[in-house]
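Participant: Sending over a structure as structure tokens; questions will come in a sec.
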Amino acid sequence: MAPVNPYAELAGLADPEPEPGPARSYLNERRDGDDGDDPLGLGLRADTEDEDAWAPPNHRKARRGLGRFAAVPLAVKLVATVLVAASFAGLADRFAVLYAQNKAAEKLKDSLHLAADPEVDIEGFPFLTQVADKHLDRVRVAIPDLAADRVSLAKFEATAEDVTLDGDLPTSLKGGTVGRMRGDVLLSFEDMNRELGASQVKFSELGPDSVRAEGRLPIAGHELRMHARAHIRQAGDRGISTEISGMRLDIGDIAVYRPGTGKGEGLQLTRKTARQLSREAAKIKAMLGIPAIADRIGIPQDTIDAALHNEAKLHDLIGTPRFINKLMKVNLVNVVTDHPWLLQKVGIDPKILGGLAGLTKPEIADRFDLSFRLPATPGDVRLRTVSVERDGIRARLTGTQLPFGDAAKKRP
């Protein structure tokens, strides 16, 4: 056996010979004619031809928004322009309204001699069109604290219609005339308590046409409770009158003083005091011993004489409700003038009677008087209705041909 050749075995392990065909290309191999694409001989190839070629940047893309606006339809552009113009016109109209309202408020304040600025609200749109015609369809006015004689009207609200204006509008408003007006006036209880009562009298609603007045009145070092009713009535076309009734001063719970000399007026004992006296024989005897009281009490004199000399008959007389009612009706004013000790018997300071004697019925009534007249105004203003509400006295009024500003100065 022939020896094995190791080199032959190695040759068998080598790759088979390649088949005939195009030559393979390796990284470091150069092709014929490739000098331009690979000048360094590194075997690198150029980009394929299907890739995008380089181009300089397009700086016109920054104006893309302008191009888009140019693409918006013409109708849309016109609508946008109209809306913008309308917005500016609306703002100009509102500024003109505010200016005119302020000028009108100044003229009203001057014409009516007001302490506070009124509120003026001009309705309607557009305002500038109304200005061009010098005519306003409707204006609302609110005037706070309008003086009316002894009191202040808490609030005056009115709606003016058919208003003609004077002046070079809208920059100069000299005045004008209100064709028609309807208003509402409130005389508040809060103002009446402050201005009329001086914190001593309080007013409140008693009914649709009545006011309750309650307070305190200092008399001879004592504070007497004061009560009255004020009936509200319309007085002509511009005023309100007050009729006072039910006036009384409570002297504790001992007696009641009603100013006047008529029936049921004067100084009278309360039921509580009359009942207590009926249980105290000594005090009743002292009172029945005064002829004036015996005469005013309405009991026959022989019955009184018998009761004064017989305890049983006295108790029979003073122990009945009929006697208590009669005792309460006795006016002690004239009686105590000659018998001042009688007041002390029932627990009343005699000095109080001296203070009450100088207090006349009209003087007390004046404390509750709510009468007032509307302030003088140019034009024709008239009261229509008057009513009493929870907050105060409300009056409704109307007016025609009411000038203000320079127009008011021209009228007498």
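In the structure tokens, each chain is lettered A, B, ... as it comes, each chain's residues begin at 1, and ligands are numbered from 1 in order of appearance.
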Report as a list in words all protein, DNA and RNA residues lying within 8 Å of segment 140-147 of chain A, evaluated on only C-alpha atoms, omitting residues in the same chain fewer than 3 positions from it.
Facilitator: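 Here the answer would be Leu114, Ala115, Ala116, Asp117, Pro118, Glu119, Val120, Asp121, Ile122, Glu123, Arg150, Val151, Ser152, Leu153, Ala154, Lys155, Phe156, Glu157, Ala158, Thr159, Ala160 and Pro375 of chain A.
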Participant: Using only C-alpha atoms, determine which residues lie at most 9 Å from segment 325-342 of chain A, disregarding the query and same-chain residues fewer than 2 positions distant; provide the list as a ChimeraX atom specification.
Facilitator: /A:264-271,273-274,283,286-287,290,292-293,296-299,321-323,344-348,350,353,357
Participant: Report the distance between atom CA of Glu280 of chain A and atom CA of Leu317 of chain A in Å, rounded to one decimal place.
Facilitator: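 So the two atoms, atom CA of Glu280 of chain A and atom CA of Leu317 of chain A, lie 12.6 Å apart.
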Participant: Need to verify the contact set: Met247 of chain A, 12 Å, only C-alpha atoms, exclusion of same-chain residues closer than 2 positions in sequence. Can you return it as an MDAnalysis selection string?
Facilitator: chainID A and resid 212:215 225:230 243:245 249:250 256:260 264:266 360:368
Participant: Please provide as a list in words all residues within 10 Å of Gly319 of chain A, with the sequence filter that same-chain residues fewer than 5 positions apart are discarded (counting only C-alpha atoms).
Facilitator: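 Those residues are Arg275, Ser278, Arg279, Lys313, Leu314 and Ile324 of chain A.
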Participant: Generate the output file for the selected residues, C-alpha atoms, as a CSV table (one decimal), in the first residue's frame.
Facilitator:
chain,number,residue,atom,x,y,z
A,275,ARG,CA,-108.4,95.6,89.8
A,278,SER,CA,-110.6,97.1,94.2
A,279,ARG,CA,-108.8,94.8,96.6
A,313,LYS,CA,-121.6,96.8,101.2
A,314,LEU,CA,-118.2,98.3,100.2
A,324,ILE,CA,-113.7,98.1,87.7
Participant: What does the distance between atom CA of Thr164 of chain A and atom CA of Thr385 of chain A come to in Å, to one decimal place?
Facilitator: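 Between these atoms lies a distance of 27.8 Å.
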Participant: List every residue of segment 220-410 of chain A that DSSP, applied to the backbone, labels as strand (DSSP E or B), and write the result as an MDAnalysis selection string.
Facilitator: chainID A and resid 222:235 239:251 255:258 266:269 372:373 380:388 392:405
Participant: Provide the atom CA of Leu288 of chain A to atom CA of Asp302 of chain A distance in Å, to one decimal place.
Facilitator: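 Going from atom CA of Leu288 of chain A over to atom CA of Asp302 of chain A, I get 11.8 Å.
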